[in-house]
Each structure stands twice: as structure tokens, then as C-alpha cells.
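All remarks here apply to the structure that follows.
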Amino acid sequence: MMIKRGNGKQENGNGYDRVVGFLREQLLSGELKAGDCLLPERELSAQLGVSRPVLREALRALAMIGAVEIRHGIGTVVKKPSVSILGEFFTFVLAHQADVIDDVMQARIAIERQAVRLACRRATQGDYDRLADCLRAIIDTIHTPEVGGLADFRFHESIVLASGSATLISIYQSISALMMRSHLDRREQIIQVDGIEEFLIDHHRLIFAAIVERDEARADELLARHFDIGADFRRRATIRMAGAAPFTD
């Protein structure tokens, strides 16, 4: 499908910004969708008031992030970018920040607390089944830090999926690599603390029950407490490791 010609009005800013802005607005307005072809290069450059070299540079940049695909003999085709590409971008951007893991953790809490409320309203039987499978995996792998940490993460990811919010899901998945690293690191630290196994099993079971019962307030309260208790276990693990470490001159 070829896109409609616009009125030729030029956007402010340089040529690159003009091309990117044009594609963004066409997608938001619904004039373009995945699978559509852009106008031929000569026509598009004239419509946007940019040179063909600038247009090509902008399209190559868009192709690198998966927004378009340049097909020889066909033209430039609109694509739906993969969340994995967005995740790589976020990882590189956030990696330059100090205490990035703790900061990502705060974003995770915000996303999950809204997601669990939505899950109480929108979750389907398929979502309940997936959460139940994750809960069983948490129980079965409770003594194995790495595998158990993965099962724990999948449970929380399933809460976000059950929210039915494409935006929350995309944001969550885009920072999942950083969250996974944080999750596994914490599991390694806290698994030796007394009471952790009961907490990991019982609290996930309570959250699951609240979602199935569609009790938004309780699910949110439990999830908030879940993160607070987890942080407390982490502090206790730090004290434990400091106490066990030998002192050297």
C-alpha cells in the first residue's frame, strides 16, 4: 500500500528530524501501518523538502532500529520494531548511569503495581494458568538460586502480561535484561537468609490468589509489601555476608 501525499508542509528542524517526524506522525495518525511502502525516494524527498542523501541517511537510521526495512527493488517498507531492539537501546543508555540497577528496580515496582491492578480486572483463564505454572516453578526450584530466580521473574512478568496493557508490557520487556540481572543477583544474596523460602512461596501464593479473586486493593498492597520485604531480606543478607567475611589488615 502506498501512502497518501501530504500537503508538502515542511517541519521545523533539520532534514533528519523532518523525516523521522513525518514517519512518526503518519504512524500515529494511522496513515501508515506495518507492511505499507513509503513513496519512492525522489517523491518523498521532494514532499519533505530534504535532499535525497539526507533522506537515505534517515531511512538507514530508522532501519537500524527496526522501524523500516529497505528492500532492493521494492522500496522502504514500514515495520513494527522489535521490543528486543528497544531493550538493547535502553540497556546502553541506562548503563551509563550510577546505581542503574536500583533505579530500574524503582521503575519495575511502579510498572508492576499498576499492572497488578489491571490484571485483577482483565486477566483471563490463560493468564491464571500461566501464573499458576510460574508459582509451581517457584516451589519446585526454591533451592536453586539461578533457576529459582528465573521462575520468580517469570511470575512477575506474567503479572504484567495479564494487565493487557501493550504499553506497560513493552516498557517492562524493554528493561527486562537489566531487571533479570538485578533479580538473579538478589536471589544469590538472599537465599541463605532464614525465612526466605517461606516468604518466596507464601507471598507469591497470596498475590496469585488476590489476582484470581480480582481484589485490586489487596493485590496492590501485597505486591508493595512483597518488594519491601524483599528489600529487607537483601539488607539482612548484606549484614550476614559482612559478618561472615574475615577481617584483614
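Ordering of the C-alpha cells sets the chain letters (A, B, ...); residue numbers start at 1 within each chain; ligands are numbered from 1 in the order shown.
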Return as a PyMOL selection string the full set of residues in segment 9-222 of chain A whose backbone-based DSSP assignment is strand (DSSP E).
chain A and resi 68-71+75-78
Just all heavy atoms for this one: save the residues we selected as a PDB file, in the first residue's frame.
ATOM      1  N   VAL A  68      11.780   0.551   9.844  1.00  0.00           N
ATOM      2  CA  VAL A  68      11.525   0.309   8.421  1.00  0.00           C
ATOM      3  C   VAL A  68      12.496  -0.752   7.922  1.00  0.00           C
ATOM      4  O   VAL A  68      13.482  -1.075   8.570  1.00  0.00           O
ATOM      5  CB  VAL A  68      11.691   1.601   7.564  1.00  0.00           C
ATOM      6  CG1 VAL A  68      10.726   2.686   8.006  1.00  0.00           C
ATOM      7  CG2 VAL A  68      13.132   2.094   7.591  1.00  0.00           C
ATOM      8  N   GLU A  69      12.193  -1.282   6.761  1.00  0.00           N
ATOM      9  CA  GLU A  69      13.096  -2.225   6.095  1.00  0.00           C
ATOM     10  C   GLU A  69      13.285  -1.765   4.659  1.00  0.00           C
ATOM     11  O   GLU A  69      12.300  -1.516   3.947  1.00  0.00           O
ATOM     12  CB  GLU A  69      12.518  -3.634   6.115  1.00  0.00           C
ATOM     13  CG  GLU A  69      13.424  -4.658   5.434  1.00  0.00           C
ATOM     14  CD  GLU A  69      12.826  -6.047   5.442  1.00  0.00           C
ATOM     15  OE1 GLU A  69      11.725  -6.225   5.992  1.00  0.00           O
ATOM     16  OE2 GLU A  69      13.471  -6.963   4.865  1.00  0.00           O
ATOM     17  N   ILE A  70      14.541  -1.609   4.264  1.00  0.00           N
ATOM     18  CA  ILE A  70      14.847  -1.159   2.908  1.00  0.00           C
ATOM     19  C   ILE A  70      15.038  -2.398   2.036  1.00  0.00           C
ATOM     20  O   ILE A  70      15.985  -3.161   2.209  1.00  0.00           O
ATOM     21  CB  ILE A  70      16.108  -0.277   2.890  1.00  0.00           C
ATOM     22  CG1 ILE A  70      15.893   0.947   3.790  1.00  0.00           C
ATOM     23  CG2 ILE A  70      16.436   0.165   1.468  1.00  0.00           C
ATOM     24  CD1 ILE A  70      17.131   1.792   3.996  1.00  0.00           C
ATOM     25  N   ARG A  71      14.114  -2.602   1.095  1.00  0.00           N
ATOM     26  CA  ARG A  71      14.149  -3.778   0.235  1.00  0.00           C
ATOM     27  C   ARG A  71      14.507  -3.355  -1.176  1.00  0.00           C
ATOM     28  O   ARG A  71      13.784  -2.569  -1.802  1.00  0.00           O
ATOM     29  CB  ARG A  71      12.791  -4.481   0.239  1.00  0.00           C
ATOM     30  CG  ARG A  71      12.347  -4.955   1.611  1.00  0.00           C
ATOM     31  CD  ARG A  71      10.970  -5.600   1.553  1.00  0.00           C
ATOM     32  NE  ARG A  71      10.495  -5.993   2.870  1.00  0.00           N
ATOM     33  CZ  ARG A  71       9.282  -6.478   3.117  1.00  0.00           C
ATOM     34  NH1 ARG A  71       8.413  -6.623   2.099  1.00  0.00           N
ATOM     35  NH2 ARG A  71       8.918  -6.812   4.341  1.00  0.00           N
ATOM     36  N   GLY A  75      11.479  -1.038  -2.314  1.00  0.00           N
ATOM     37  CA  GLY A  75      11.394   0.269  -1.674  1.00  0.00           C
ATOM     38  C   GLY A  75      11.530   0.136  -0.171  1.00  0.00           C
ATOM     39  O   GLY A  75      12.034  -0.873   0.336  1.00  0.00           O
ATOM     40  N   THR A  76      11.062   1.143   0.549  1.00  0.00           N
ATOM     41  CA  THR A  76      11.155   1.159   2.005  1.00  0.00           C
ATOM     42  C   THR A  76       9.810   0.766   2.593  1.00  0.00           C
ATOM     43  O   THR A  76       8.788   1.394   2.321  1.00  0.00           O
ATOM     44  CB  THR A  76      11.561   2.550   2.514  1.00  0.00           C
ATOM     45  OG1 THR A  76      12.809   2.922   1.908  1.00  0.00           O
ATOM     46  CG2 THR A  76      11.717   2.545   4.017  1.00  0.00           C
ATOM     47  N   VAL A  77       9.826  -0.276   3.401  1.00  0.00           N
ATOM     48  CA  VAL A  77       8.604  -0.840   3.964  1.00  0.00           C
ATOM     49  C   VAL A  77       8.566  -0.582   5.469  1.00  0.00           C
ATOM     50  O   VAL A  77       9.569  -0.762   6.171  1.00  0.00           O
ATOM     51  CB  VAL A  77       8.531  -2.358   3.701  1.00  0.00           C
ATOM     52  CG1 VAL A  77       7.237  -2.943   4.277  1.00  0.00           C
ATOM     53  CG2 VAL A  77       8.618  -2.631   2.202  1.00  0.00           C
ATOM     54  N   VAL A  78       7.412  -0.172   5.959  1.00  0.00           N
ATOM     55  CA  VAL A  78       7.237   0.086   7.389  1.00  0.00           C
ATOM     56  C   VAL A  78       7.196  -1.235   8.149  1.00  0.00           C
ATOM     57  O   VAL A  78       6.555  -2.186   7.728  1.00  0.00           O
ATOM     58  CB  VAL A  78       5.942   0.875   7.640  1.00  0.00           C
ATOM     59  CG1 VAL A  78       5.719   1.091   9.137  1.00  0.00           C
ATOM     60  CG2 VAL A  78       5.984   2.212   6.907  1.00  0.00           C
TER      61      VAL A  78
END
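Residue nearest Thr124 of chain A within the list A:Ala34, A:Thr167, A:Glu157, A:Arg214: A:Arg214 [criterion: smallest interatomic distance, only C-alpha atoms].
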Residues within 10 Å of Leu55 of chain A, only C-alpha atoms, excluding chain neighbours under 4 positions, as a ChimeraX atom specification
/A:15-16,18-20,41-42,44-45,48-51,59-61
Residue contacts of segment 195-203 of chain A (9 Å, only C-alpha atoms) excluding same-chain residues fewer than 5 positions away, as a ChimeraX atom specification
/A:135,138-139,142-143,152,190,208,222-223,226,229-230,233
How about saving the chosen residues, C-alpha atoms kept, as an mmCIF file, in the first residue's frame?
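Dumped everything to out_30.cif:
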data_model
loop_
_atom_site.group_PDB
_atom_site.id
_atom_site.type_symbol
_atom_site.label_atom_id
_atom_site.label_comp_id
_atom_site.auth_asym_id
_atom_site.auth_seq_id
_atom_site.Cartn_x
_atom_site.Cartn_y
_atom_site.Cartn_z
ATOM 1 C CA LEU A 135 4.045 -20.458 41.079
ATOM 2 C CA ILE A 138 8.936 -21.208 42.144
ATOM 3 C CA ILE A 139 8.103 -24.006 44.599
ATOM 4 C CA ILE A 142 13.227 -22.893 45.603
ATOM 5 C CA HIS A 143 16.602 -24.437 46.483
ATOM 6 C CA ASP A 152 10.384 -15.819 40.253
ATOM 7 C CA ILE A 190 19.137 -13.603 49.986
ATOM 8 C CA PHE A 208 -1.770 -15.015 42.894
ATOM 9 C CA LEU A 222 0.574 -7.427 48.807
ATOM 10 C CA LEU A 223 2.836 -6.545 45.906
ATOM 11 C CA HIS A 226 6.418 -8.023 48.706
ATOM 12 C CA ILE A 229 10.076 -7.415 52.495
ATOM 13 C CA GLY A 230 12.389 -8.419 49.668
ATOM 14 C CA PHE A 233 15.863 -9.618 53.204
#
